[in-house]
Amino acid sequence: MASIATTALRLAPHSRGHTGLVRHHVLPSVILASVALALTLAITVGWNVIFATHYGAAFTPEDSVGIKTGYWMTMALGDLFLATVMTAIAIVLAVTIRRSRRLHEQNAFIDRVTHELRTPIAALRLSLDTCMRRPLGEDALRSQIGEMRGDLDRLQDLVDKVIDAGRLEHRSWQPRTETVDLADVVERCRTRLCDRHELAPDAVTVSGSAPTITSDALALDHIVLNLLDNAIKYADGTPAIQVQLGQRDAAARIIVQDHGIGIPRKEIGRIFRRFHRITERPQAGGTGLGLYVVHHLCRQLGGTISAHSDGPGTGATFTVSIPLEPQ
């Protein structure tokens, strides 16, 4: 854990400058490709106008069919060549823009991870300094230890998200099969997050009943933890989250509903992308990996996840469906 933190902190001071450097180097290429594409399009239009005006109008009834066909074939071949050039330029332009966006997302991710690492590390250092500088009573010492345990849990969750995202990206993770009581998983995650965020027990309520399924318990833990943590993070005021358990056909269902800031319609199709965060709450923190990990874990378990929101300020509902038996 220390090595990961040290690496991220070392990279952080250069990440914003590196983002600007990436844009600075990419911009001339984008401009050059755009100009080349516009010039090629102009040449294509001019090519067709010249042929249609000068050669097409110059034909006489005495000209043979072969001569006319040869002219139009030359025009068609020229159009094909120019269309190929334009396609190649457009592909290069699209790849360049996509690569620039990917690099920008990765650098922004480094900034966010660094911020997420610095906060618990600073809190841990402060708690340790407090314990070392003066003798503490038993209650105060327990309080400091509890705070340090919470900071360590936050660090562990961050590292788990980064590791999970890397494994899923490289397809090096395979689910295990074991008998899992889904209600126990949800209750364990609910208690853990309420303790971590110092919430009242009724901040997250659970209703319904879930069947016992055959799946990967650790993956289900990550799915529920990330969904609840996301709901708490984007709460509008005091979190009020409902978790409903159930079964439909041959699949167990977990429905997580919150009354937070909601999801804009334009964001619904993007929230499961890697590094993506809702733009309406940039100060909420996070790495942009939580829902990405949830989405891929659900797929790996043979299940699905969907999101619904009526817009900003209306809350959001996430529905997870996991087969009772491994697919």
# chains A, B, ... in the order shown; residues from 1 in each chain; ligands from 1

call {"tool": "select_by_dssp", "arguments": {"residues": "region 50-245 of chain A", "states": "alpha helix (DSSP H)", "output": "number ranges by chain"}}
result
A: 50, 56-58, 65-133, 138-169, 182-196, 217-233

call {"tool": "closest_atom_pairs", "arguments": {"of": "region 75-102 of chain A", "to": "region 37-44 of chain A", "cutoff": "9 Å", "atoms": "only C-alpha atoms", "output": "Markdown table"}}
result
| residue | atom | partner | partner_atom | distance |
| --- | --- | --- | --- | --- |
| A:Gly78 | CA | A:Thr44 | CA | 8.1 |
| A:Asp79 | CA | A:Thr44 | CA | 6.5 |
| A:Leu82 | CA | A:Thr44 | CA | 6.3 |
| A:Ala83 | CA | A:Thr44 | CA | 8.0 |
| A:Val85 | CA | A:Thr40 | CA | 7.6 |
| A:Met86 | CA | A:Leu37 | CA | 5.8 |
| A:Thr87 | CA | A:Leu37 | CA | 8.8 |
| A:Ile89 | CA | A:Leu37 | CA | 6.3 |
| A:Ala90 | CA | A:Leu37 | CA | 7.1 |

call {"tool": "residues_around", "arguments": {"residues": "Gly260 (chain A)", "least_positions_apart": "4", "cutoff": "8 Å", "atoms": "only C-alpha atoms", "output": "JSON, numbers by chain"}}
result
{"A": [231, 234, 235, 236, 237, 239, 313, 314, 315, 316]}

call {"tool": "residues_around", "arguments": {"residues": "region 141-152 of chain A", "least_positions_apart": "3", "cutoff": "12 Å", "atoms": "only C-alpha atoms", "output": "ChimeraX atom specification"}}
result
/A:1-2,116-132,134-138,155-159,192-198

call {"tool": "residues_around", "arguments": {"residues": "Pro323 (chain A)", "least_positions_apart": "6", "cutoff": "10 Å", "atoms": "only C-alpha atoms", "output": "list of chain:residue names"}}
result
A:Ile213, A:Thr214, A:Ser215, A:Gln247, A:Arg248, A:Asp249, A:Ala250, A:Ala251, A:Ala252, A:Arg253, A:Cys298, A:Leu301, A:Gly302, A:Gly303, A:Thr304

call {"tool": "residues_around", "arguments": {"residues": "Tyr292 (chain A)", "least_positions_apart": "6", "cutoff": "6 Å", "atoms": "only C-alpha atoms", "output": "list in words"}}
result
Phe272, Arg273 and Arg274 of chain A

call {"tool": "closest_residue", "arguments": {"among": "A:Leu289, A:Val35, A:Val180, A:Ala210", "to": "Val162 (chain A)", "atoms": "only C-alpha atoms"}}
result
A:Leu289

call {"tool": "decode", "arguments": {"residues": "region 164-278 of chain A", "atoms": "C-alpha atoms", "output": "mmCIF file, in the first residue's frame"}}
result
data_model
loop_
_atom_site.group_PDB
_atom_site.id
_atom_site.type_symbol
_atom_site.label_atom_id
_atom_site.label_comp_id
_atom_site.auth_asym_id
_atom_site.auth_seq_id
_atom_site.Cartn_x
_atom_site.Cartn_y
_atom_site.Cartn_z
ATOM 1 C CA ASP A 164 -10.002 -4.608 -9.541
ATOM 2 C CA ALA A 165 -10.161 -2.194 -12.478
ATOM 3 C CA GLY A 166 -6.728 -3.352 -13.687
ATOM 4 C CA ARG A 167 -7.652 -7.029 -13.434
ATOM 5 C CA LEU A 168 -10.959 -6.517 -15.221
ATOM 6 C CA GLU A 169 -9.313 -4.423 -17.933
ATOM 7 C CA HIS A 170 -6.759 -7.192 -18.613
ATOM 8 C CA ARG A 171 -9.305 -9.988 -18.037
ATOM 9 C CA SER A 172 -7.083 -11.655 -15.461
ATOM 10 C CA TRP A 173 -9.881 -12.136 -12.910
ATOM 11 C CA GLN A 174 -12.129 -15.178 -12.880
ATOM 12 C CA PRO A 175 -15.055 -15.586 -10.455
ATOM 13 C CA ARG A 176 -15.142 -18.383 -7.904
ATOM 14 C CA THR A 177 -18.304 -20.321 -7.142
ATOM 15 C CA GLU A 178 -19.556 -20.770 -3.595
ATOM 16 C CA THR A 179 -22.845 -20.662 -1.754
ATOM 17 C CA VAL A 180 -23.652 -17.062 -0.818
ATOM 18 C CA ASP A 181 -26.411 -15.636 1.355
ATOM 19 C CA LEU A 182 -27.116 -12.360 -0.423
ATOM 20 C CA ALA A 183 -28.944 -10.886 2.563
ATOM 21 C CA ASP A 184 -25.827 -11.393 4.715
ATOM 22 C CA VAL A 185 -23.676 -9.711 2.094
ATOM 23 C CA VAL A 186 -25.947 -6.644 1.975
ATOM 24 C CA GLU A 187 -26.211 -6.405 5.766
ATOM 25 C CA ARG A 188 -22.431 -6.672 6.173
ATOM 26 C CA CYS A 189 -21.843 -3.940 3.594
ATOM 27 C CA ARG A 190 -24.569 -1.728 5.096
ATOM 28 C CA THR A 191 -23.041 -1.948 8.566
ATOM 29 C CA ARG A 192 -19.535 -1.325 7.275
ATOM 30 C CA LEU A 193 -20.452 1.799 5.328
ATOM 31 C CA CYS A 194 -22.664 3.245 8.077
ATOM 32 C CA ASP A 195 -19.766 2.881 10.512
ATOM 33 C CA ARG A 196 -17.256 4.356 8.091
ATOM 34 C CA HIS A 197 -19.366 7.407 7.227
ATOM 35 C CA GLU A 198 -20.707 7.729 10.790
ATOM 36 C CA LEU A 199 -24.316 7.390 9.650
ATOM 37 C CA ALA A 200 -27.335 6.359 11.656
ATOM 38 C CA PRO A 201 -28.350 2.707 11.119
ATOM 39 C CA ASP A 202 -31.577 3.788 9.384
ATOM 40 C CA ALA A 203 -29.661 5.809 6.762
ATOM 41 C CA VAL A 204 -29.553 2.590 4.737
ATOM 42 C CA THR A 205 -32.654 0.396 5.029
ATOM 43 C CA VAL A 206 -33.033 -3.106 3.615
ATOM 44 C CA SER A 207 -36.340 -4.719 2.652
ATOM 45 C CA GLY A 208 -37.442 -7.901 0.911
ATOM 46 C CA SER A 209 -35.762 -11.278 0.964
ATOM 47 C CA ALA A 210 -33.024 -12.677 -1.216
ATOM 48 C CA PRO A 211 -32.395 -16.292 -2.154
ATOM 49 C CA THR A 212 -29.169 -18.137 -1.501
ATOM 50 C CA ILE A 213 -27.180 -18.137 -4.714
ATOM 51 C CA THR A 214 -24.063 -19.779 -6.100
ATOM 52 C CA SER A 215 -21.644 -17.032 -7.017
ATOM 53 C CA ASP A 216 -18.482 -15.197 -5.942
ATOM 54 C CA ALA A 217 -18.937 -13.707 -2.450
ATOM 55 C CA LEU A 218 -16.025 -11.261 -2.748
ATOM 56 C CA ALA A 219 -17.309 -9.919 -6.071
ATOM 57 C CA LEU A 220 -20.792 -9.453 -4.585
ATOM 58 C CA ASP A 221 -19.200 -7.589 -1.662
ATOM 59 C CA HIS A 222 -17.503 -5.210 -4.093
ATOM 60 C CA ILE A 223 -20.724 -4.698 -6.065
ATOM 61 C CA VAL A 224 -22.848 -3.833 -3.022
ATOM 62 C CA LEU A 225 -20.125 -1.737 -1.339
ATOM 63 C CA ASN A 226 -19.523 0.347 -4.460
ATOM 64 C CA LEU A 227 -23.242 0.928 -5.066
ATOM 65 C CA LEU A 228 -23.886 1.984 -1.458
ATOM 66 C CA ASP A 229 -20.741 4.124 -1.343
ATOM 67 C CA ASN A 230 -21.794 5.807 -4.592
ATOM 68 C CA ALA A 231 -25.272 6.497 -3.199
ATOM 69 C CA ILE A 232 -23.786 8.030 -0.034
ATOM 70 C CA LYS A 233 -21.245 10.068 -1.979
ATOM 71 C CA TYR A 234 -23.891 11.668 -4.205
ATOM 72 C CA ALA A 235 -26.502 12.149 -1.489
ATOM 73 C CA ASP A 236 -28.189 15.531 -1.317
ATOM 74 C CA GLY A 237 -27.880 16.199 2.408
ATOM 75 C CA THR A 238 -28.355 13.330 4.845
ATOM 76 C CA PRO A 239 -28.281 10.020 2.947
ATOM 77 C CA ALA A 240 -31.547 8.079 2.761
ATOM 78 C CA ILE A 241 -30.959 4.873 0.847
ATOM 79 C CA GLN A 242 -33.300 1.940 0.312
ATOM 80 C CA VAL A 243 -32.046 -1.483 -0.689
ATOM 81 C CA GLN A 244 -34.662 -3.918 -1.946
ATOM 82 C CA LEU A 245 -33.877 -7.614 -2.324
ATOM 83 C CA GLY A 246 -35.864 -10.020 -4.422
ATOM 84 C CA GLN A 247 -35.889 -12.622 -7.144
ATOM 85 C CA ARG A 248 -37.147 -12.616 -10.706
ATOM 86 C CA ASP A 249 -37.141 -15.797 -12.763
ATOM 87 C CA ALA A 250 -33.750 -17.469 -12.175
ATOM 88 C CA ALA A 251 -31.941 -14.375 -10.946
ATOM 89 C CA ALA A 252 -31.529 -12.563 -7.633
ATOM 90 C CA ARG A 253 -32.151 -8.819 -7.717
ATOM 91 C CA ILE A 254 -30.605 -6.003 -5.700
ATOM 92 C CA ILE A 255 -32.225 -2.585 -6.126
ATOM 93 C CA VAL A 256 -30.408 0.392 -4.598
ATOM 94 C CA GLN A 257 -32.442 3.590 -4.551
ATOM 95 C CA ASP A 258 -31.288 6.935 -3.237
ATOM 96 C CA HIS A 259 -32.733 10.441 -3.017
ATOM 97 C CA GLY A 260 -29.567 12.244 -4.014
ATOM 98 C CA ILE A 261 -28.637 14.649 -6.761
ATOM 99 C CA GLY A 262 -29.819 12.320 -9.531
ATOM 100 C CA ILE A 263 -28.256 11.632 -12.909
ATOM 101 C CA PRO A 264 -28.706 13.910 -15.949
ATOM 102 C CA ARG A 265 -30.140 12.051 -18.922
ATOM 103 C CA LYS A 266 -27.008 12.710 -20.969
ATOM 104 C CA GLU A 267 -24.936 10.950 -18.279
ATOM 105 C CA ILE A 268 -26.978 7.729 -18.009
ATOM 106 C CA GLY A 269 -25.142 6.056 -20.858
ATOM 107 C CA ARG A 270 -21.704 7.113 -19.560
ATOM 108 C CA ILE A 271 -21.712 6.424 -15.822
ATOM 109 C CA PHE A 272 -20.360 2.879 -16.219
ATOM 110 C CA ARG A 273 -17.346 4.037 -18.229
ATOM 111 C CA ARG A 274 -13.899 3.953 -16.718
ATOM 112 C CA PHE A 275 -12.828 7.234 -15.006
ATOM 113 C CA HIS A 276 -16.234 8.842 -15.634
ATOM 114 C CA ARG A 277 -17.810 10.954 -12.917
ATOM 115 C CA ILE A 278 -21.026 12.985 -12.866
#
